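Asks: run.txt is reproduced below (compact mmCIF, C-alpha atoms).
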```
# COMPACT_ATOMS: atom_id res chain seq x y z
CA MET N 1099 -30.13 -3.56 -61.14
CA PHE N 1100 -31.82 -2.77 -64.44
CA THR N 1101 -31.51 -5.10 -67.40
CA LEU N 1102 -29.63 -3.50 -70.28
CA SER N 1103 -31.18 -5.28 -73.25
CA LEU N 1104 -31.11 -4.32 -76.89
CA ILE N 1105 -34.38 -3.70 -78.70
CA LEU N 1106 -34.55 -3.82 -82.50
CA ILE N 1107 -37.82 -2.65 -84.01
CA GLY N 1108 -38.59 -2.46 -87.70
CA THR N 1109 -39.74 -4.27 -90.78
CA ALA N 1110 -37.80 -7.47 -90.16
CA CYS N 1111 -38.69 -10.24 -87.72
CA PHE N 1112 -36.72 -10.30 -84.48
CA VAL N 1113 -36.37 -12.85 -81.69
CA ALA N 1114 -34.73 -12.60 -78.29
CA THR N 1115 -31.56 -14.42 -77.45
CA THR N 1116 -31.49 -16.47 -74.26
CA PRO N 1117 -30.61 -14.09 -71.39
CA ILE N 1118 -27.58 -14.81 -69.25
CA ALA N 1119 -28.46 -14.74 -65.57
CA ASN N 1120 -27.67 -11.40 -63.92
CA ASP N 1121 -26.11 -10.11 -67.15
CA PRO N 1122 -27.05 -6.42 -67.53
CA PHE N 1123 -26.03 -6.47 -71.20
CA THR N 1124 -28.41 -9.12 -72.53
CA ILE N 1125 -29.48 -8.19 -76.05
CA VAL N 1126 -32.32 -8.91 -78.45
CA SER N 1127 -31.03 -9.85 -81.89
CA SER N 1128 -32.42 -10.35 -85.37
CA ASP N 1129 -33.40 -13.82 -86.61
CA VAL N 1130 -32.36 -12.88 -90.16
CA SER N 1131 -29.05 -11.61 -91.45
CA PRO N 1132 -28.88 -7.84 -91.95
CA SER N 1133 -28.08 -8.34 -95.64
CA SER N 1134 -31.43 -10.05 -96.22
CA ARG N 1135 -33.56 -7.30 -94.69
CA LEU N 1136 -35.71 -5.20 -96.97
CA ILE N 1137 -33.73 -1.98 -97.32
CA SER N 1138 -34.83 -0.57 -100.66
CA PHE N 1139 -37.46 1.99 -101.54
CA ASP N 1140 -40.90 0.53 -102.34
CA LYS N 1141 -44.57 1.58 -102.37
CA SER N 1142 -44.87 1.43 -98.58
CA VAL N 1143 -41.89 3.77 -98.22
CA ASP N 1144 -43.32 6.12 -100.83
CA LYS N 1145 -46.55 6.25 -98.81
CA ILE N 1146 -44.61 7.31 -95.69
CA LEU N 1147 -42.76 10.07 -97.54
CA SER N 1148 -45.90 11.27 -99.33
CA PHE N 1149 -47.65 11.67 -95.97
CA TRP N 1150 -45.47 14.68 -95.18
CA THR N 1151 -46.77 17.91 -96.68
CA ASP N 1152 -45.09 21.26 -96.07
CA ASP N 1153 -47.89 22.23 -93.68
CA LYS N 1154 -47.39 19.09 -91.58
CA LEU N 1155 -43.63 19.65 -91.36
CA LYS N 1156 -44.12 23.22 -90.17
CA ALA N 1157 -46.75 22.15 -87.64
CA ALA N 1158 -44.38 19.75 -85.84
CA LYS N 1159 -43.71 20.45 -82.15
CA SER N 1160 -40.55 19.74 -80.22
CA VAL N 1161 -39.96 17.29 -77.39
CA MET N 1162 -37.22 17.50 -74.79
CA PRO N 1163 -37.18 16.13 -71.24
CA ILE N 1164 -36.90 18.74 -68.48
CA ARG N 1165 -35.43 17.24 -65.32
CA LYS N 1166 -35.00 18.28 -61.69
CA ILE N 1167 -31.81 17.72 -59.72
CA ASN N 1168 -32.05 14.97 -57.12
CA SER N 1169 -31.44 16.90 -53.89
CA GLN N 1170 -29.82 13.83 -52.37
CA THR N 1171 -27.18 13.53 -55.11
CA THR N 1172 -26.46 17.05 -56.30
CA THR N 1173 -22.70 16.60 -56.01
CA LYS N 1174 -21.46 14.81 -59.11
CA THR N 1175 -18.08 13.12 -59.01
CA GLU N 1176 -16.51 12.71 -62.44
CA ILE N 1177 -16.01 9.09 -63.41
CA SER N 1178 -13.16 7.74 -65.45
CA ASN N 1179 -13.62 6.34 -68.95
CA ASN N 1180 -14.81 2.75 -68.61
CA GLY N 1181 -12.92 1.08 -71.44
CA PRO N 1182 -10.44 1.51 -74.27
CA ARG N 1183 -10.96 4.39 -76.66
CA VAL N 1184 -12.43 3.18 -79.96
CA LEU N 1185 -13.54 5.13 -83.01
CA VAL N 1186 -14.38 4.99 -86.69
CA ASP N 1187 -13.75 7.86 -89.08
CA GLY N 1188 -16.42 9.68 -91.01
CA THR N 1189 -16.84 9.36 -94.76
CA MET N 1190 -17.21 11.82 -97.62
CA GLY N 1191 -20.39 11.59 -99.69
CA SER N 1192 -20.62 12.11 -103.43
CA LEU N 1193 -22.48 15.41 -102.99
CA GLN N 1194 -20.18 16.94 -100.40
CA LYS N 1195 -18.06 19.90 -101.36
CA ALA N 1196 -14.69 21.01 -100.05
CA ALA N 1197 -15.72 24.35 -98.59
CA ILE N 1198 -14.14 26.60 -95.98
CA SER N 1199 -16.24 28.78 -93.72
CA ALA N 1200 -15.33 31.28 -91.03
CA ALA N 1201 -18.75 30.87 -89.44
CA VAL N 1202 -17.44 28.53 -86.75
CA ASN N 1203 -14.48 29.49 -84.58
CA PRO N 1204 -13.11 26.40 -82.76
CA ASP N 1205 -11.47 28.57 -80.09
CA LYS N 1206 -14.56 30.52 -79.11
CA ALA N 1207 -17.38 29.22 -76.94
CA SER N 1208 -20.83 29.80 -78.37
CA SER N 1209 -24.32 29.70 -76.89
CA ARG N 1210 -26.73 29.02 -79.74
CA GLN N 1211 -25.79 30.53 -83.07
CA VAL N 1212 -27.14 29.96 -86.55
CA PHE N 1213 -24.95 27.48 -88.37
CA THR N 1214 -23.89 28.65 -91.83
CA SER N 1215 -20.83 26.52 -92.60
CA THR N 1216 -20.82 24.21 -95.63
CA GLY N 1217 -18.73 21.45 -94.05
CA ARG N 1218 -19.65 17.78 -93.64
CA GLN N 1219 -22.06 18.29 -90.73
CA THR N 1220 -24.28 20.44 -92.99
CA TYR N 1221 -24.94 17.31 -95.04
CA THR N 1222 -25.02 14.79 -92.20
CA THR N 1223 -27.13 16.64 -89.60
CA GLY N 1224 -30.84 16.88 -90.16
CA LYS N 1225 -34.32 17.06 -88.75
CA ILE N 1226 -36.51 14.14 -87.65
CA PHE N 1227 -40.31 14.07 -87.89
CA TRP N 1228 -43.10 11.69 -86.86
CA ASN N 1229 -46.87 11.90 -86.53
CA ASN N 1230 -48.76 11.53 -83.27
CA THR N 1231 -52.44 10.82 -82.74
CA GLY N 1232 -54.92 13.63 -83.24
CA ASN N 1233 -53.21 15.24 -86.24
CA SER N 1234 -50.20 16.42 -84.25
CA TYR N 1235 -46.56 15.99 -85.21
CA GLY N 1236 -43.24 15.75 -83.38
CA MET N 1237 -39.70 16.74 -84.29
CA CYS N 1238 -36.13 16.08 -83.17
CA SER N 1239 -32.63 16.24 -84.64
CA GLY N 1240 -30.20 13.52 -85.69
CA ALA N 1241 -27.05 12.81 -87.69
CA ILE N 1242 -25.75 10.25 -90.17
CA VAL N 1243 -23.06 8.09 -88.60
CA THR N 1244 -20.55 5.85 -90.37
CA SER N 1245 -21.91 2.31 -90.75
CA ASN N 1246 -21.34 -0.78 -92.84
CA ASN N 1247 -24.96 -0.69 -94.02
CA LYS N 1248 -24.54 2.98 -95.05
CA ASP N 1249 -28.03 3.79 -93.74
CA THR N 1250 -27.61 4.64 -90.03
CA ILE N 1251 -28.42 7.81 -88.09
CA VAL N 1252 -28.11 8.45 -84.35
CA THR N 1253 -30.58 10.41 -82.25
CA ALA N 1254 -31.96 10.51 -78.71
CA GLY N 1255 -33.87 7.56 -77.28
CA HIS N 1256 -36.78 9.84 -76.38
CA CYS N 1257 -37.11 10.74 -80.08
CA CYS N 1258 -37.59 7.07 -81.03
CA PHE N 1259 -39.51 5.67 -78.08
CA ASP N 1260 -42.73 7.06 -76.58
CA HIS N 1261 -43.01 6.19 -72.89
CA ASP N 1262 -46.67 7.30 -72.83
CA THR N 1263 -47.64 4.57 -75.29
CA ASN N 1264 -44.71 2.29 -74.43
CA LYS N 1265 -43.96 1.89 -78.13
CA PHE N 1266 -41.34 2.82 -80.69
CA ARG N 1267 -42.40 5.39 -83.28
CA ILE N 1268 -41.42 3.14 -86.19
CA SER N 1269 -45.04 3.03 -87.46
CA GLN N 1270 -45.62 6.79 -87.09
CA ASN N 1271 -44.26 7.92 -90.48
CA PHE N 1272 -40.84 8.53 -88.92
CA ILE N 1273 -38.51 10.33 -91.36
CA PHE N 1274 -35.13 12.09 -91.49
CA ILE N 1275 -34.50 15.20 -93.62
CA PRO N 1276 -30.77 16.05 -93.89
CA ASP N 1277 -29.79 19.73 -94.14
CA TYR N 1278 -33.38 20.87 -93.58
CA LYS N 1279 -33.72 24.67 -93.68
CA SER N 1280 -36.96 26.65 -93.55
CA GLY N 1281 -38.84 23.92 -95.38
CA ALA N 1282 -36.11 23.29 -97.97
CA GLN N 1283 -35.20 19.61 -98.43
CA PRO N 1284 -32.19 19.63 -100.79
CA TYR N 1285 -31.49 15.91 -100.32
CA GLY N 1286 -35.02 14.66 -99.85
CA LYS N 1287 -36.83 12.73 -97.12
CA TRP N 1288 -35.64 9.34 -95.84
CA ALA N 1289 -37.93 6.84 -94.07
CA ALA N 1290 -36.94 4.76 -91.03
CA ARG N 1291 -36.88 0.95 -91.35
CA THR N 1292 -35.49 -0.12 -87.92
CA MET N 1293 -34.80 1.42 -84.52
CA THR N 1294 -32.31 0.24 -81.91
CA ALA N 1295 -32.18 1.13 -78.20
CA TYR N 1296 -31.40 -0.38 -74.82
CA THR N 1297 -34.15 -1.37 -72.41
CA ALA N 1298 -32.21 0.76 -69.94
CA TRP N 1299 -33.99 3.55 -71.82
CA THR N 1300 -37.23 1.96 -73.05
CA VAL N 1301 -38.03 0.31 -69.71
CA ASN N 1302 -36.02 2.15 -67.05
CA GLN N 1303 -35.75 5.59 -68.69
CA ASN N 1304 -32.11 5.77 -67.61
CA PHE N 1305 -30.72 8.94 -69.18
CA ASN N 1306 -27.25 7.43 -69.45
CA TYR N 1307 -28.77 5.47 -72.35
CA ASP N 1308 -31.03 8.07 -73.98
CA VAL N 1309 -29.62 6.95 -77.34
CA CYS N 1310 -31.24 5.42 -80.41
CA PHE N 1311 -29.76 4.25 -83.71
CA VAL N 1312 -32.11 4.30 -86.70
CA ASN N 1313 -31.54 2.50 -89.99
CA LEU N 1314 -33.10 4.14 -93.04
CA TYR N 1315 -34.43 2.86 -96.34
CA THR N 1316 -32.60 3.81 -99.51
CA ASN N 1317 -34.09 6.58 -101.63
CA SER N 1318 -36.15 5.99 -104.79
CA LYS N 1319 -32.93 5.66 -106.84
CA GLY N 1320 -31.61 2.90 -104.57
CA GLN N 1321 -28.93 5.18 -103.12
CA HIS N 1322 -27.73 4.80 -99.53
CA ILE N 1323 -27.72 8.05 -97.57
CA GLN N 1324 -24.08 7.63 -96.52
CA ASP N 1325 -22.92 7.17 -100.11
CA LEU N 1326 -24.73 10.33 -101.10
CA LEU N 1327 -24.07 12.67 -98.17
CA GLY N 1328 -21.27 11.10 -96.14
CA ALA N 1329 -21.30 10.38 -92.42
CA GLU N 1330 -19.76 11.62 -89.20
CA GLY N 1331 -17.28 9.50 -87.29
CA ILE N 1332 -18.22 8.08 -83.90
CA ALA N 1333 -16.13 7.37 -80.80
CA SER N 1334 -16.52 5.91 -77.33
CA ASN N 1335 -14.51 6.51 -74.14
CA TYR N 1336 -13.24 9.73 -75.69
CA PRO N 1337 -11.62 12.38 -73.44
CA ARG N 1338 -13.96 14.19 -71.06
CA ASN N 1339 -13.96 17.94 -70.38
CA ALA N 1340 -13.03 18.64 -74.01
CA ILE N 1341 -14.16 21.32 -76.47
CA THR N 1342 -17.42 20.02 -77.90
CA TYR N 1343 -19.81 21.22 -80.61
CA SER N 1344 -23.53 20.55 -80.45
CA PHE N 1345 -25.82 20.79 -83.50
CA GLY N 1346 -29.58 20.71 -83.86
CA TYR N 1347 -32.86 22.42 -84.71
CA PRO N 1348 -34.09 24.11 -81.49
CA TYR N 1349 -37.63 25.43 -81.37
CA ASN N 1350 -36.49 28.67 -79.71
CA LEU N 1351 -35.18 30.04 -83.01
CA ALA N 1352 -37.50 30.24 -86.00
CA GLN N 1353 -39.51 27.36 -84.52
CA GLY N 1354 -36.78 24.85 -85.34
CA GLU N 1355 -36.59 25.75 -89.01
CA ILE N 1356 -32.84 26.55 -88.97
CA MET N 1357 -29.84 24.50 -87.83
CA GLN N 1358 -27.89 26.00 -84.94
CA TYR N 1359 -24.87 25.08 -82.89
CA CYS N 1360 -23.39 25.56 -79.43
CA SER N 1361 -19.78 25.01 -78.41
CA GLY N 1362 -17.69 25.01 -75.27
CA SER N 1363 -15.82 22.82 -72.82
CA ALA N 1364 -17.83 19.85 -71.60
CA ALA N 1365 -18.05 19.30 -67.84
CA ALA N 1366 -19.58 16.76 -65.48
CA SER N 1367 -23.36 17.07 -65.34
CA LYS N 1368 -24.88 18.12 -62.01
CA TYR N 1369 -27.99 16.01 -62.54
CA GLY N 1370 -27.03 13.34 -60.02
CA ASN N 1371 -29.18 10.18 -59.91
CA GLY N 1372 -26.20 8.09 -61.01
CA TYR N 1373 -25.93 10.06 -64.23
CA THR N 1374 -22.45 9.90 -65.80
CA GLY N 1375 -23.09 12.24 -68.74
CA GLN N 1376 -21.68 15.69 -69.37
CA THR N 1377 -23.00 19.20 -69.90
CA ILE N 1378 -22.05 22.06 -72.22
CA PRO N 1379 -23.04 25.74 -72.27
CA CYS N 1380 -26.03 25.94 -74.61
CA ASP N 1381 -29.42 27.65 -74.63
CA MET N 1382 -30.96 25.50 -77.35
CA THR N 1383 -34.32 24.01 -76.38
CA GLY N 1384 -36.64 21.26 -77.63
CA GLY N 1385 -36.24 20.31 -81.26
CA CYS N 1386 -32.47 20.00 -80.90
CA SER N 1387 -32.98 16.67 -79.06
CA GLY N 1388 -30.81 13.96 -80.59
CA GLY N 1389 -28.54 16.42 -82.38
CA PRO N 1390 -24.89 15.29 -82.31
CA TRP N 1391 -22.12 16.40 -79.97
CA ILE N 1392 -18.90 16.41 -81.99
CA GLN N 1393 -15.32 16.44 -80.68
CA ASN N 1394 -12.10 17.02 -82.64
CA PHE N 1395 -14.28 19.20 -84.83
CA THR N 1396 -12.61 20.93 -87.79
CA ALA N 1397 -14.57 24.00 -88.82
CA SER N 1398 -13.43 24.11 -92.44
CA THR N 1399 -14.45 20.53 -93.22
CA GLY N 1400 -17.04 19.71 -90.55
CA ILE N 1401 -15.13 16.53 -89.72
CA GLY N 1402 -15.11 15.12 -86.19
CA TYR N 1403 -16.35 12.32 -83.93
CA ILE N 1404 -19.81 12.04 -82.37
CA THR N 1405 -19.31 11.39 -78.65
CA SER N 1406 -22.74 12.33 -77.26
CA LEU N 1407 -26.00 14.05 -78.19
CA ASN N 1408 -28.54 16.58 -76.94
CA SER N 1409 -30.61 14.80 -74.29
CA PHE N 1410 -32.22 16.96 -71.59
CA LEU N 1411 -32.30 20.27 -69.69
CA ILE N 1412 -32.32 20.87 -65.92
CA THR N 1413 -34.94 23.26 -64.53
CA THR N 1414 -32.60 25.09 -62.14
CA ILE N 1415 -29.58 25.26 -64.46
CA PRO N 1416 -30.69 27.18 -67.56
CA ASN N 1417 -28.56 27.53 -70.68
CA TYR N 1418 -26.78 24.20 -70.24
CA MET N 1419 -27.45 21.06 -72.27
CA ASN N 1420 -26.89 17.55 -70.91
CA GLY N 1421 -25.85 14.54 -72.95
CA PRO N 1422 -24.99 10.87 -72.28
CA TYR N 1423 -21.32 9.95 -72.35
CA PHE N 1424 -20.67 7.46 -75.16
CA GLU N 1425 -18.89 4.61 -73.38
CA SER N 1426 -18.38 0.93 -74.15
CA ASN N 1427 -22.06 0.00 -73.80
CA ILE N 1428 -23.09 2.64 -76.33
CA TRP N 1429 -20.38 1.34 -78.65
CA SER N 1430 -21.86 -2.16 -78.39
CA LEU N 1431 -25.29 -0.76 -79.21
CA TYR N 1432 -23.84 0.98 -82.27
CA GLN N 1433 -22.10 -2.17 -83.47
CA LYS N 1434 -25.36 -4.15 -83.34
CA CYS N 1435 -27.20 -1.83 -85.70
CA MET N 1436 -24.48 -0.63 -88.11
CA VAL N 1437 -23.89 -3.94 -89.92
```
Output the structure of this file as structure tokens.

Replies:
Amino acid sequence: MFTLSLILIGTACFVATTPIANDPFTIVSSDVSPSSRLISFDKSVDKILSFWTDDKLKAAKSVMPIRKINSQTTTKTEISNNGPRVLVDGTMGSLQKAAISAAVNPDKASSRQVFTSTGRQTYTTGKIFWNNTGNSYGMCSGAIVTSNNKDTIVTAGHCCFDHDTNKFRISQNFIFIPDYKSGAQPYGKWAARTMTAYTAWTVNQNFNYDVCFVNLYTNSKGQHIQDLLGAEGIASNYPRNAITYSFGYPYNLAQGEIMQYCSGSAAASKYGNGYTGQTIPCDMTGGCSGGPWIQNFTASTGIGYITSLNSFLITTIPNYMNGPYFESNIWSLYQKCMV
């Protein structure tokens, strides 16, 4: 059995709690209170943001795991929800507008379309960048999620943690740009200060836990990103097989320069290997990794609950995206980083 431990990486000092024998949910926790962490913009943050020129942003390449079905476990039996349904609502930011758009039809399935609505998710969904060695750059997608610290985004674990180097990307000029579009950055760049993931992902690469929560610094005016732009709600143990919307910046359209979405009824993934996640019809590719899956989505306002995210593709099942099911363990992970 793998150990499901919580890893917190960032500017603060962290120490491990004493593990409980045979407890798969042992966590690593901070040795300082969240309120005492450095969260405000300073010279080191300005250096991270200044690193990113327009040329570097456009040169970023996508990452997305491509998996093969385990021939011994190709039949996937749907599991039941593993705990009580819990959720928190999204919030409205000071810059959000009450706008109605006919660009998204909740009753019609969609396989990759350009997203042109002006609802909440336009403000809360954005593009993630980091630098690799050798003057190369990576990109993913992510979304602001409601949190007490007002600084949290959610993305895929493989966007935060590099299994080749066995390190988090916290020191690789990791930034989030909300509502990015063809180089435009209407709400600026935001630097990462901490990352949170389970060792089920960082050590075992278990795709049920390909999830990472990132806390951001404030901007140069001391504003929290949630206060400015709002945040999506989040839920765990939400109904399966429901109409779901996926958002992100896939490289197979305009090289990830434009936000797109897919929608359709979620179904049990055919990946096997003990995977309990779901799949939706979608031909987005790398670059959309970490983009949110939203249920109870209202097209006119962009309001809904994040219940999964874009995680991986399967070689023999094209045009379907797989995402981890947000259950009670993911909720515990969220609660540890959102304070």

Asks: Could you pull the residues within 8 Å of Asn1335 of chain N, counting only C-alpha atoms, minus those fewer than 6 positions along the same chain, as a PyMOL selection string?

Replies: chain N and resi 1179-1184+1423-1426

Asks: Could you dump the residues just selected with C-alpha atoms as a compact mmCIF listing (two decimals), in the frame of the given file?

Replies:
```txt
# COMPACT_ATOMS: atom_id res chain seq x y z
CA ASN N 1179 -13.62 6.34 -68.95
CA ASN N 1180 -14.81 2.75 -68.61
CA GLY N 1181 -12.92 1.08 -71.44
CA PRO N 1182 -10.44 1.51 -74.27
CA ARG N 1183 -10.96 4.39 -76.66
CA VAL N 1184 -12.43 3.18 -79.96
CA TYR N 1423 -21.32 9.95 -72.35
CA PHE N 1424 -20.67 7.46 -75.16
CA GLU N 1425 -18.89 4.61 -73.38
CA SER N 1426 -18.38 0.93 -74.15
```

Asks: For each of N:Ser1148, N:Thr1413, N:Thr1300, N:Thr1220, take the minimum atom-to-atom distance to Tyr1359 of chain N, counting all atoms listed in the file, then give the residue where this is smallest.

Replies: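 Closest to Tyr1359 of chain N, using all atoms listed in the file: N:Thr1220.
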
Asks: Which residues are near segment 1373-1383 of chain N? Cut-off 8 Å, all atoms listed in the file, ignore same chain within fewer than 2 positions. Put them as a PyMOL selection string.

Replies: chain N and resi 1162+1176-1177+1208-1210+1305-1306+1342+1348-1350+1360-1367+1369-1371+1385-1387+1411+1416-1423

Asks: Keeping only C-alpha atoms, write the selected residues to a file as a short mmCIF file (atom, residue, chain, number, x, y, z; two decimals), in the frame of the given file.

Replies:
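Below is the file that was written, result_13.cif:
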```cif
data_model
loop_
_atom_site.label_atom_id
_atom_site.label_comp_id
_atom_site.auth_asym_id
_atom_site.auth_seq_id
_atom_site.Cartn_x
_atom_site.Cartn_y
_atom_site.Cartn_z
CA MET N 1162 -37.22 17.50 -74.79
CA GLU N 1176 -16.51 12.71 -62.44
CA ILE N 1177 -16.01 9.09 -63.41
CA SER N 1208 -20.83 29.80 -78.37
CA SER N 1209 -24.32 29.70 -76.89
CA ARG N 1210 -26.73 29.02 -79.74
CA PHE N 1305 -30.72 8.94 -69.18
CA ASN N 1306 -27.25 7.43 -69.45
CA THR N 1342 -17.42 20.02 -77.90
CA PRO N 1348 -34.09 24.11 -81.49
CA TYR N 1349 -37.63 25.43 -81.37
CA ASN N 1350 -36.49 28.67 -79.71
CA CYS N 1360 -23.39 25.56 -79.43
CA SER N 1361 -19.78 25.01 -78.41
CA GLY N 1362 -17.69 25.01 -75.27
CA SER N 1363 -15.82 22.82 -72.82
CA ALA N 1364 -17.83 19.85 -71.60
CA ALA N 1365 -18.05 19.30 -67.84
CA ALA N 1366 -19.58 16.76 -65.48
CA SER N 1367 -23.36 17.07 -65.34
CA TYR N 1369 -27.99 16.01 -62.54
CA GLY N 1370 -27.03 13.34 -60.02
CA ASN N 1371 -29.18 10.18 -59.91
CA GLY N 1385 -36.24 20.31 -81.26
CA CYS N 1386 -32.47 20.00 -80.90
CA SER N 1387 -32.98 16.67 -79.06
CA LEU N 1411 -32.30 20.27 -69.69
CA PRO N 1416 -30.69 27.18 -67.56
CA ASN N 1417 -28.56 27.53 -70.68
CA TYR N 1418 -26.78 24.20 -70.24
CA MET N 1419 -27.45 21.06 -72.27
CA ASN N 1420 -26.89 17.55 -70.91
CA GLY N 1421 -25.85 14.54 -72.95
CA PRO N 1422 -24.99 10.87 -72.28
CA TYR N 1423 -21.32 9.95 -72.35
#
```

Asks: Go ahead and compute the interatomic distance for atom CA of Gln1393 of chain N and atom CA of Ile1226 of chain N, in Å to one decimal.

Replies: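 Going from atom CA of Gln1393 of chain N over to atom CA of Ile1226 of chain N, I get 22.4 Å.
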
Asks: Compile the contact shell of Asp1308 of chain N as a list in words: residues with an atom at most 10 Å away, counting only C-alpha atoms, same-chain residues fewer than 2 positions apart removed.

Replies: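 Answer for this query is Thr1253, Ala1254, Gly1255, His1256, Cys1257, Cys1258, Phe1259, Ala1295, Tyr1296, Ala1298, Trp1299, Thr1300, Gln1303, Asn1304, Phe1305, Asn1306, Cys1310, Gly1388, Ser1406, Leu1407, Asn1408, Ser1409, Phe1410, Gly1421, Pro1422 and Ile1428 of chain N.
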
Asks: Atom CA of Ile1401 of chain N and atom CA of Lys1225 of chain N are how many Å apart?

Replies: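 Computed distance, atom CA of Ile1401 of chain N to atom CA of Lys1225 of chain N, equals 19.2 Å.
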
Asks: Name all residues at most 9 Å from Asn1246 of chain N (count all atoms listed in the file; drop same-chain ones fewer than 3 positions away) and give them as a list in words.

Replies: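 That gives Asp1249, Thr1250, Met1436 and Val1437 of chain N.
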
Asks: Find the spatial neighbours of Met1357 of chain N, counting only C-alpha atoms, within a cut-off of 10 Å - ignore same-chain residues fewer than 2 positions away - and output them as a ChimeraX atom specification.

Replies: /N:1210-1214,1220,1223-1225,1239,1277-1280,1345-1348,1351-1352,1354-1355,1359,1386,1389

Asks: Pull the neighbourhood of (-28.9, 9.9, -88.7) for me: all residues within 6 Å in file coordinates, counting only C-alpha atoms, as a list in words.

Replies: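 Within 6 Å of (-28.9, 9.9, -88.7), the protein and nucleic acid residues are Gly1240, Ala1241, Ile1242, Thr1250, Ile1251 and Val1252 of chain N.
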
Asks: Can you work out which one of N:Gln1433, N:Ser1192, N:Thr1399, N:Ser1269 has the shortest atom-to-atom distance to Ser1142 of chain N, counting all atoms listed in the file?

Replies: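 Among the listed residues, the smallest separation from Ser1142 of chain N belongs to N:Ser1269.
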
Asks: Find the residue from N:Lys1141, N:Arg1338, N:Lys1156, N:Lys1434 that sits nearest to Thr1292 of chain N; use all atoms listed in the file when measuring.

Replies: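 That would be N:Lys1434, the residue with the smallest distance to Thr1292 of chain N.
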
Asks: Could you jot down the atom CA of Ile1404 of chain N to atom CA of Ile1332 of chain N separation for me, Å, one decimal place?

Replies: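 Distance reported for this atom pair: 4.5 Å.
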
Asks: Out of N:Asn1317, N:Asn1264, N:Thr1244, N:Asn1229, which residue has the shortest atom-to-atom distance to Phe1139 of chain N when counting all atoms listed in the file?

Replies: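 When distances to Phe1139 of chain N are compared using all atoms listed in the file, the smallest one comes from N:Asn1317.
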
Asks: Can you work out which one of N:Thr1151, N:Ser1160, N:Asn1233, N:Thr1189 has the shortest atom-to-atom distance to Gly1400 of chain N, counting only C-alpha atoms?

Replies: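 Ranked by minimum distance to Gly1400 of chain N, first place goes to N:Thr1189.
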
Asks: Using all atoms listed in the file, which of the listed residues (N:Gln1358, N:Ser1334, N:Asn1394, N:Gln1353) sits closest to Ser1430 of chain N?

Replies: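 Selected residue with least distance to Ser1430 of chain N: N:Ser1334.
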